[in-house]
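File shown here: final-v3.pdb, holding PDB, C-alpha atoms, pLDDT in the B column.
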```
ATOM      1  CA  MET A  96       7.827  81.257  26.046  1.00 95.00           C
ATOM      2  CA  ARG A  97       4.301  82.446  25.323  1.00 98.00           C
ATOM      3  CA  LEU A  98       1.083  80.427  25.194  1.00 98.00           C
ATOM      4  CA  ILE A  99      -1.645  81.223  22.651  1.00 98.00           C
ATOM      5  CA  VAL A 100      -4.914  79.462  23.478  1.00 98.00           C
ATOM      6  CA  PHE A 101      -7.679  79.284  20.893  1.00 98.00           C
ATOM      7  CA  ASP A 102     -11.366  78.677  21.312  1.00 98.00           C
ATOM      8  CA  MET A 103     -12.716  76.374  18.598  1.00 96.00           C
ATOM      9  CA  ASP A 104     -16.339  77.020  17.515  1.00 94.00           C
ATOM     10  CA  GLY A 105     -16.669  80.539  16.147  1.00 95.00           C
ATOM     11  CA  THR A 106     -12.941  81.208  16.412  1.00 98.00           C
ATOM     12  CA  LEU A 107     -11.111  78.488  14.491  1.00 97.00           C
ATOM     13  CA  VAL A 108     -14.049  76.771  12.772  1.00 95.00           C
ATOM     14  CA  ASP A 109     -17.293  78.135  11.349  1.00 92.00           C
ATOM     15  CA  SER A 110     -19.698  75.607  12.884  1.00 86.00           C
ATOM     16  CA  GLY A 111     -22.583  77.882  13.841  1.00 86.00           C
ATOM     17  CA  VAL A 112     -25.096  76.653  11.269  1.00 87.00           C
ATOM     18  CA  HIS A 113     -24.464  73.013  12.127  1.00 87.00           C
ATOM     19  CA  ILE A 114     -24.719  73.600  15.885  1.00 89.00           C
ATOM     20  CA  GLU A 115     -27.860  75.701  15.478  1.00 92.00           C
ATOM     21  CA  ASN A 116     -29.581  73.117  13.285  1.00 92.00           C
ATOM     22  CA  THR A 117     -28.675  70.270  15.631  1.00 93.00           C
ATOM     23  CA  THR A 118     -29.913  72.218  18.651  1.00 95.00           C
ATOM     24  CA  ARG A 119     -33.241  72.960  17.008  1.00 95.00           C
ATOM     25  CA  ALA A 120     -33.629  69.332  15.931  1.00 95.00           C
ATOM     26  CA  ALA A 121     -32.963  68.108  19.476  1.00 97.00           C
ATOM     27  CA  PHE A 122     -35.482  70.568  20.909  1.00 97.00           C
ATOM     28  CA  ALA A 123     -38.074  69.458  18.340  1.00 97.00           C
ATOM     29  CA  GLU A 124     -37.537  65.796  19.208  1.00 97.00           C
ATOM     30  CA  HIS A 125     -38.244  66.594  22.865  1.00 97.00           C
ATOM     31  CA  GLY A 126     -41.299  68.738  22.083  1.00 97.00           C
ATOM     32  CA  LEU A 127     -39.617  71.918  23.325  1.00 97.00           C
ATOM     33  CA  PRO A 128     -40.128  75.399  21.825  1.00 96.00           C
ATOM     34  CA  LEU A 129     -37.483  75.947  19.162  1.00 96.00           C
ATOM     35  CA  PRO A 130     -34.830  78.533  20.095  1.00 95.00           C
ATOM     36  CA  THR A 131     -34.202  81.450  17.795  1.00 95.00           C
ATOM     37  CA  SER A 132     -31.035  81.520  15.726  1.00 92.00           C
ATOM     38  CA  GLU A 133     -29.632  84.274  17.929  1.00 91.00           C
ATOM     39  CA  ALA A 134     -30.358  82.316  21.105  1.00 94.00           C
ATOM     40  CA  ALA A 135     -28.935  79.050  19.751  1.00 93.00           C
ATOM     41  CA  ARG A 136     -25.708  80.700  18.659  1.00 91.00           C
ATOM     42  CA  GLY A 137     -25.447  82.826  21.776  1.00 90.00           C
ATOM     43  CA  ILE A 138     -24.676  79.828  23.992  1.00 90.00           C
ATOM     44  CA  ILE A 139     -21.971  78.364  21.737  1.00 91.00           C
ATOM     45  CA  GLY A 140     -18.792  78.056  23.749  1.00 88.00           C
ATOM     46  CA  LEU A 141     -20.290  76.626  26.915  1.00 90.00           C
ATOM     47  CA  SER A 142     -20.141  72.922  27.686  1.00 91.00           C
ATOM     48  CA  LEU A 143     -23.087  71.113  26.082  1.00 93.00           C
ATOM     49  CA  GLU A 144     -25.065  70.525  29.257  1.00 94.00           C
ATOM     50  CA  SER A 145     -24.524  74.075  30.478  1.00 94.00           C
ATOM     51  CA  ALA A 146     -25.536  75.471  27.086  1.00 94.00           C
ATOM     52  CA  LEU A 147     -28.697  73.390  26.814  1.00 96.00           C
ATOM     53  CA  ALA A 148     -29.706  74.142  30.408  1.00 96.00           C
ATOM     54  CA  ARG A 149     -29.357  77.868  29.813  1.00 95.00           C
ATOM     55  CA  LEU A 150     -31.227  77.655  26.503  1.00 95.00           C
ATOM     56  CA  SER A 151     -34.074  75.375  27.603  1.00 96.00           C
ATOM     57  CA  GLY A 152     -34.535  76.201  31.267  1.00 96.00           C
ATOM     58  CA  LEU A 153     -34.407  72.468  32.049  1.00 96.00           C
ATOM     59  CA  THR A 154     -32.435  70.991  34.932  1.00 95.00           C
ATOM     60  CA  GLY A 155     -31.123  67.642  36.114  1.00 96.00           C
ATOM     61  CA  PRO A 156     -31.982  64.465  34.189  1.00 97.00           C
ATOM     62  CA  ALA A 157     -34.087  66.383  31.663  1.00 97.00           C
ATOM     63  CA  VAL A 158     -30.989  68.282  30.512  1.00 97.00           C
ATOM     64  CA  ASP A 159     -29.005  65.045  30.360  1.00 96.00           C
ATOM     65  CA  ARG A 160     -31.638  63.465  28.102  1.00 97.00           C
ATOM     66  CA  LEU A 161     -31.641  66.513  25.831  1.00 97.00           C
ATOM     67  CA  ALA A 162     -27.835  66.413  25.648  1.00 96.00           C
ATOM     68  CA  THR A 163     -27.917  62.721  24.747  1.00 96.00           C
ATOM     69  CA  THR A 164     -30.289  63.468  21.887  1.00 97.00           C
ATOM     70  CA  TYR A 165     -28.127  66.367  20.711  1.00 94.00           C
ATOM     71  CA  ARG A 166     -25.010  64.206  20.634  1.00 92.00           C
ATOM     72  CA  ARG A 167     -26.778  61.467  18.670  1.00 92.00           C
ATOM     73  CA  LEU A 168     -28.097  63.913  16.068  1.00 92.00           C
ATOM     74  CA  TYR A 169     -24.779  65.761  15.882  1.00 87.00           C
ATOM     75  CA  HIS A 170     -22.715  62.673  15.195  1.00 83.00           C
ATOM     76  CA  GLN A 171     -25.245  61.371  12.682  1.00 84.00           C
ATOM     77  CA  SER A 172     -24.786  64.455  10.535  1.00 80.00           C
ATOM     78  CA  ILE A 173     -21.177  65.485  11.144  1.00 74.00           C
ATOM     79  CA  ALA A 174     -19.811  63.218   8.415  1.00 58.00           C
ATOM     80  CA  ARG A 175     -20.276  66.088   5.962  1.00 59.00           C
ATOM     81  CA  LEU A 176     -16.806  67.574   5.424  1.00 53.00           C
ATOM     82  CA  ASP A 177     -18.191  71.084   5.017  1.00 65.00           C
ATOM     83  CA  ALA A 178     -19.954  71.126   8.392  1.00 71.00           C
ATOM     84  CA  GLU A 179     -17.050  72.679  10.307  1.00 84.00           C
ATOM     85  CA  PRO A 180     -14.717  74.545   7.934  1.00 91.00           C
ATOM     86  CA  LEU A 181     -11.773  76.565   9.195  1.00 95.00           C
ATOM     87  CA  TYR A 182     -12.211  80.287   8.750  1.00 96.00           C
ATOM     88  CA  GLU A 183     -10.391  81.537   5.668  1.00 96.00           C
ATOM     89  CA  GLY A 184      -6.750  82.291   6.380  1.00 97.00           C
ATOM     90  CA  MET A 185      -6.691  80.419   9.695  1.00 98.00           C
ATOM     91  CA  THR A 186      -4.396  77.647   8.469  1.00 97.00           C
ATOM     92  CA  GLY A 187      -1.727  80.198   7.559  1.00 97.00           C
ATOM     93  CA  VAL A 188      -1.977  81.857  10.980  1.00 98.00           C
ATOM     94  CA  LEU A 189      -1.647  78.548  12.817  1.00 98.00           C
ATOM     95  CA  ASP A 190       1.254  77.403  10.644  1.00 98.00           C
ATOM     96  CA  ALA A 191       3.079  80.684  11.228  1.00 98.00           C
ATOM     97  CA  LEU A 192       2.642  80.503  15.003  1.00 98.00           C
ATOM     98  CA  LYS A 193       3.715  76.861  15.044  1.00 97.00           C
ATOM     99  CA  GLY A 194       6.936  77.882  13.333  1.00 96.00           C
ATOM    100  CA  GLU A 195       7.915  80.243  16.143  1.00 96.00           C
ATOM    101  CA  PRO A 196      10.173  78.415  18.670  1.00 94.00           C
ATOM    102  CA  ALA A 197       9.049  80.615  21.573  1.00 96.00           C
ATOM    103  CA  THR A 198       5.332  80.109  20.929  1.00 98.00           C
ATOM    104  CA  LEU A 199       3.148  77.279  22.215  1.00 98.00           C
ATOM    105  CA  MET A 200      -0.493  76.846  21.216  1.00 98.00           C
ATOM    106  CA  GLY A 201      -3.439  75.361  23.026  1.00 98.00           C
ATOM    107  CA  ILE A 202      -7.175  74.760  22.663  1.00 98.00           C
ATOM    108  CA  ALA A 203      -9.825  75.658  25.246  1.00 98.00           C
ATOM    109  CA  THR A 204     -13.320  74.810  24.043  1.00 97.00           C
ATOM    110  CA  GLY A 205     -16.789  73.770  25.077  1.00 94.00           C
ATOM    111  CA  LYS A 206     -16.528  70.785  22.731  1.00 91.00           C
ATOM    112  CA  GLY A 207     -15.742  67.364  24.101  1.00 91.00           C
ATOM    113  CA  MET A 208     -12.311  65.880  23.413  1.00 95.00           C
ATOM    114  CA  ARG A 209     -13.795  63.514  20.833  1.00 90.00           C
ATOM    115  CA  GLY A 210     -14.948  66.488  18.771  1.00 89.00           C
ATOM    116  CA  VAL A 211     -11.668  68.347  19.212  1.00 94.00           C
ATOM    117  CA  GLU A 212      -9.597  65.415  17.996  1.00 94.00           C
ATOM    118  CA  ARG A 213     -11.911  64.857  15.020  1.00 90.00           C
ATOM    119  CA  ILE A 214     -11.707  68.482  13.866  1.00 91.00           C
ATOM    120  CA  LEU A 215      -7.936  68.703  14.285  1.00 94.00           C
ATOM    121  CA  LYS A 216      -7.507  65.514  12.256  1.00 92.00           C
ATOM    122  CA  LEU A 217      -9.955  66.731   9.596  1.00 89.00           C
ATOM    123  CA  HIS A 218      -7.894  69.881   9.047  1.00 92.00           C
ATOM    124  CA  GLY A 219      -4.425  68.364   9.544  1.00 93.00           C
ATOM    125  CA  LEU A 220      -3.756  70.262  12.763  1.00 96.00           C
ATOM    126  CA  GLU A 221      -3.017  67.378  15.134  1.00 94.00           C
ATOM    127  CA  SER A 222       0.574  68.514  15.794  1.00 96.00           C
ATOM    128  CA  HIS A 223      -0.129  72.242  16.215  1.00 98.00           C
ATOM    129  CA  PHE A 224      -1.484  72.272  19.768  1.00 98.00           C
ATOM    130  CA  VAL A 225       0.459  71.136  22.827  1.00 98.00           C
ATOM    131  CA  SER A 226      -2.498  71.541  25.208  1.00 98.00           C
ATOM    132  CA  LYS A 227      -6.140  70.629  24.556  1.00 98.00           C
ATOM    133  CA  GLN A 228      -8.616  71.561  27.278  1.00 98.00           C
ATOM    134  CA  THR A 229     -12.284  70.538  27.205  1.00 97.00           C
ATOM    135  CA  PRO A 230     -15.165  70.079  29.664  1.00 95.00           C
ATOM    136  CA  ASP A 231     -14.247  66.385  29.841  1.00 95.00           C
ATOM    137  CA  ALA A 232     -11.633  67.266  32.473  1.00 95.00           C
ATOM    138  CA  ASN A 233     -12.414  70.901  33.377  1.00 97.00           C
ATOM    139  CA  PRO A 234     -15.362  73.070  34.441  1.00 95.00           C
ATOM    140  CA  SER A 235     -17.296  74.799  31.676  1.00 94.00           C
ATOM    141  CA  LYS A 236     -16.379  78.314  30.619  1.00 96.00           C
ATOM    142  CA  PRO A 237     -16.320  80.972  31.970  1.00 96.00           C
ATOM    143  CA  ASP A 238     -14.659  79.165  34.879  1.00 97.00           C
ATOM    144  CA  PRO A 239     -10.875  79.683  34.428  1.00 98.00           C
ATOM    145  CA  GLY A 240     -10.072  75.994  34.938  1.00 98.00           C
ATOM    146  CA  MET A 241      -9.230  75.297  31.291  1.00 98.00           C
ATOM    147  CA  LEU A 242      -6.659  78.091  31.204  1.00 98.00           C
ATOM    148  CA  PHE A 243      -5.183  77.073  34.542  1.00 98.00           C
ATOM    149  CA  SER A 244      -4.808  73.527  33.181  1.00 98.00           C
ATOM    150  CA  ALA A 245      -3.190  74.762  29.954  1.00 98.00           C
ATOM    151  CA  MET A 246      -0.731  76.961  31.848  1.00 98.00           C
ATOM    152  CA  SER A 247       0.090  74.145  34.233  1.00 98.00           C
ATOM    153  CA  GLU A 248       0.764  71.747  31.349  1.00 97.00           C
ATOM    154  CA  THR A 249       3.047  74.169  29.511  1.00 98.00           C
ATOM    155  CA  GLY A 250       4.697  75.995  32.388  1.00 98.00           C
ATOM    156  CA  VAL A 251       3.703  79.386  30.967  1.00 98.00           C
ATOM    157  CA  GLY A 252       2.348  82.052  33.308  1.00 98.00           C
ATOM    158  CA  PRO A 253      -0.684  84.302  32.817  1.00 98.00           C
ATOM    159  CA  ALA A 254       1.397  87.333  31.810  1.00 97.00           C
ATOM    160  CA  GLN A 255       2.568  85.391  28.723  1.00 98.00           C
ATOM    161  CA  THR A 256      -0.771  83.727  27.945  1.00 98.00           C
ATOM    162  CA  ILE A 257      -3.421  84.955  25.495  1.00 98.00           C
ATOM    163  CA  MET A 258      -6.937  83.529  25.200  1.00 98.00           C
ATOM    164  CA  ILE A 259      -8.411  84.043  21.721  1.00 98.00           C
ATOM    165  CA  GLY A 260     -12.162  83.667  21.411  1.00 98.00           C
ATOM    166  CA  ASP A 261     -15.403  84.982  19.999  1.00 97.00           C
ATOM    167  CA  THR A 262     -17.654  84.982  23.078  1.00 96.00           C
ATOM    168  CA  SER A 263     -18.059  86.638  26.438  1.00 96.00           C
ATOM    169  CA  PHE A 264     -17.371  83.237  28.011  1.00 96.00           C
ATOM    170  CA  ASP A 265     -13.842  83.281  26.562  1.00 98.00           C
ATOM    171  CA  MET A 266     -13.127  86.830  27.728  1.00 98.00           C
ATOM    172  CA  GLU A 267     -14.531  86.192  31.209  1.00 98.00           C
ATOM    173  CA  MET A 268     -12.405  83.058  31.475  1.00 98.00           C
ATOM    174  CA  ALA A 269      -9.283  84.966  30.437  1.00 98.00           C
ATOM    175  CA  ARG A 270      -9.976  87.732  32.927  1.00 98.00           C
ATOM    176  CA  ALA A 271     -10.566  85.241  35.744  1.00 98.00           C
ATOM    177  CA  ALA A 272      -7.282  83.479  34.942  1.00 98.00           C
ATOM    178  CA  GLY A 273      -5.314  86.734  34.782  1.00 98.00           C
ATOM    179  CA  CYS A 274      -4.516  86.239  31.079  1.00 98.00           C
ATOM    180  CA  PHE A 275      -4.902  88.502  28.070  1.00 98.00           C
ATOM    181  CA  GLY A 276      -8.202  88.273  26.206  1.00 98.00           C
ATOM    182  CA  LEU A 277      -8.167  88.710  22.424  1.00 98.00           C
ATOM    183  CA  GLY A 278     -11.657  88.860  20.930  1.00 98.00           C
ATOM    184  CA  VAL A 279     -12.575  88.071  17.319  1.00 98.00           C
ATOM    185  CA  LYS A 280     -15.549  89.631  15.534  1.00 97.00           C
ATOM    186  CA  TRP A 281     -16.317  86.799  13.092  1.00 97.00           C
ATOM    187  CA  GLY A 282     -17.921  84.559  15.725  1.00 95.00           C
ATOM    188  CA  TYR A 283     -21.095  84.651  17.785  1.00 93.00           C
ATOM    189  CA  HIS A 284     -20.854  87.604  20.214  1.00 95.00           C
ATOM    190  CA  SER A 285     -20.517  91.247  19.260  1.00 95.00           C
ATOM    191  CA  ALA A 286     -17.399  93.364  19.670  1.00 97.00           C
ATOM    192  CA  GLU A 287     -19.233  95.446  22.266  1.00 97.00           C
ATOM    193  CA  VAL A 288     -19.970  92.344  24.348  1.00 97.00           C
ATOM    194  CA  LEU A 289     -16.380  91.133  24.006  1.00 98.00           C
ATOM    195  CA  ARG A 290     -14.973  94.456  25.209  1.00 98.00           C
ATOM    196  CA  ALA A 291     -17.483  94.689  28.051  1.00 98.00           C
ATOM    197  CA  THR A 292     -16.466  91.265  29.345  1.00 97.00           C
ATOM    198  CA  GLY A 293     -12.723  91.875  29.368  1.00 96.00           C
ATOM    199  CA  ALA A 294     -11.203  91.752  25.881  1.00 98.00           C
ATOM    200  CA  HIS A 295      -7.944  93.682  25.757  1.00 98.00           C
ATOM    201  CA  VAL A 296      -8.318  93.980  21.993  1.00 98.00           C
ATOM    202  CA  VAL A 297     -10.864  92.872  19.375  1.00 98.00           C
ATOM    203  CA  VAL A 298      -9.855  92.130  15.782  1.00 98.00           C
ATOM    204  CA  ASP A 299     -12.028  92.326  12.685  1.00 97.00           C
ATOM    205  CA  ALA A 300     -10.258  89.795  10.461  1.00 98.00           C
ATOM    206  CA  VAL A 301      -8.105  86.669  10.654  1.00 98.00           C
ATOM    207  CA  SER A 302      -5.262  88.600   9.016  1.00 97.00           C
ATOM    208  CA  GLU A 303      -5.107  90.847  12.101  1.00 98.00           C
ATOM    209  CA  LEU A 304      -4.513  88.008  14.561  1.00 98.00           C
ATOM    210  CA  ILE A 305      -0.731  87.740  14.525  1.00 97.00           C
ATOM    211  CA  PRO A 306      -0.103  91.514  14.790  1.00 97.00           C
ATOM    212  CA  ALA A 307      -2.585  91.671  17.691  1.00 98.00           C
ATOM    213  CA  ILE A 308      -0.944  88.678  19.401  1.00 98.00           C
ATOM    214  CA  ASN A 309       2.506  90.248  19.052  1.00 97.00           C
ATOM    215  CA  ALA A 310       1.252  93.559  20.417  1.00 97.00           C
ATOM    216  CA  LEU A 311       0.006  91.836  23.573  1.00 97.00           C
ATOM    217  CA  VAL A 312       2.873  89.396  24.214  1.00 95.00           C
ATOM    218  CA  THR A 313       6.053  89.246  22.132  1.00 89.00           C
ATOM    219  CA  ALA A 314       7.455  85.835  21.212  1.00 77.00           C
ATOM    220  CA  ASP A 315      10.670  86.446  23.182  1.00 67.00           C
ATOM    221  CA  ALA A 316       8.954  87.770  26.343  1.00 46.00           C
TER     222      ALA A 316
END
```

As structure tokens, how would this structure be written, given the file I've shared?
Amino acid sequence: MRLIVFDMDGTLVDSGVHIENTTRAAFAEHGLPLPTSEAARGIIGLSLESALARLSGLTGPAVDRLATTYRRLYHQSIARLDAEPLYEGMTGVLDALKGEPATLMGIATGKGMRGVERILKLHGLESHFVSKQTPDANPSKPDPGMLFSAMSETGVGPAQTIMIGDTSFDMEMARAAGCFGLGVKWGYHSAEVLRATGAHVVVDAVSELIPAINALVTADA
């Protein structure tokens, strides 16, 4: 068996604009200097509190209050169906991998489980992933805890596990867990950053995912 673990924001779904706008709105409500677009997108992938702490410089209860505001604003606006679209071609990739008997798929994301379940339902992907790891029950990326949990749940070892993501946090997590890191260029960190933080390969387009996956770990490994 092999285990293919996907990040969500910036890898499966194109949610950057929505996250950026919500972050800036939360900062404005708290009278904080608004982060630049680059800064707001650069922390996508971390757990919410970790991301906001890094972005704002706040600590303790102040970060918790900012996170509470973010969540309220996020859920007020997320009803729009176009807020978190799948990247073009991603459905076909996921369907193809699901059809392989020797392949299991998982999620490892900075989103909470509530958000993960909502997005999977929105796009009809509830049955695709056998493991869903979030900061609700694991440390934030780049700690390897999410991958350790996914491997423990599925019984697949690191030599047959690939972490697919768009940020340095994903590649650092994969490296720390002893797994393969597959970086994607359509997200929020550059290819240079992905390679520098441990990516074994970086792909330019969704259509390149399955060949890159097969080159790292074959389905009958």

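Here the question is which of A:Leu143, A:Val296, A:Leu189, A:Leu242 gets nearest to A:Met268 using only C-alpha atoms, and that residue is A:Leu242.
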
Checklist entry - Pick from A:Ala123, A:Ile308, A:Ala269, A:Met103: nearest to A:Gly210, with all atoms listed in the file counted? => result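 Answer, going by the shortest atom-to-atom distance: A:Met103.
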
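Distances to A:Ala300 were evaluated for A:Ala148, A:Leu217, A:Val188, A:Leu168 using all atoms listed in the file, and the minimum falls at A:Val188.
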
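Note that atom CA of A:Gly137 and atom CA of A:Leu289 are 12.5 Å apart.
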
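The spacing separating atom CA of A:Asp261 from atom CA of A:Pro196 amounts to 26.4 Å.
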
Checklist entry - Which residues, written as an MDAnalysis selection string, have at least one atom at most 8 Å from A:Gln255, with only C-alpha atoms counted and residues fewer than 2 positions away on the same chain left out? => result chainID A and resid 96:98 251:253 257 274 312 316

File dump, residues just selected, C-alpha atoms, as a PDB file, in the frame of the given file:
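Everything below was put into out02.pdb:
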```pdb
ATOM      1  CA  MET A  96       7.827  81.257  26.046  1.00 95.00           C
ATOM      2  CA  ARG A  97       4.301  82.446  25.323  1.00 98.00           C
ATOM      3  CA  LEU A  98       1.083  80.427  25.194  1.00 98.00           C
ATOM      4  CA  VAL A 251       3.703  79.386  30.967  1.00 98.00           C
ATOM      5  CA  GLY A 252       2.348  82.052  33.308  1.00 98.00           C
ATOM      6  CA  PRO A 253      -0.684  84.302  32.817  1.00 98.00           C
ATOM      7  CA  ILE A 257      -3.421  84.955  25.495  1.00 98.00           C
ATOM      8  CA  CYS A 274      -4.516  86.239  31.079  1.00 98.00           C
ATOM      9  CA  VAL A 312       2.873  89.396  24.214  1.00 95.00           C
ATOM     10  CA  ALA A 316       8.954  87.770  26.343  1.00 46.00           C
TER      11      ALA A 316
END
```

Checklist entry - So how far away is atom CA of A:Pro128 from atom CA of A:Ala178, in Å? => result 24.6 Å

Checklist entry - Where does the PyMOL selection byres ((chain A and resi 180) around 10) land in this file, that is, which residues does it pick, as a ChimeraX atom specification? => result /A:107-110,176-179,181-183,214,217-218
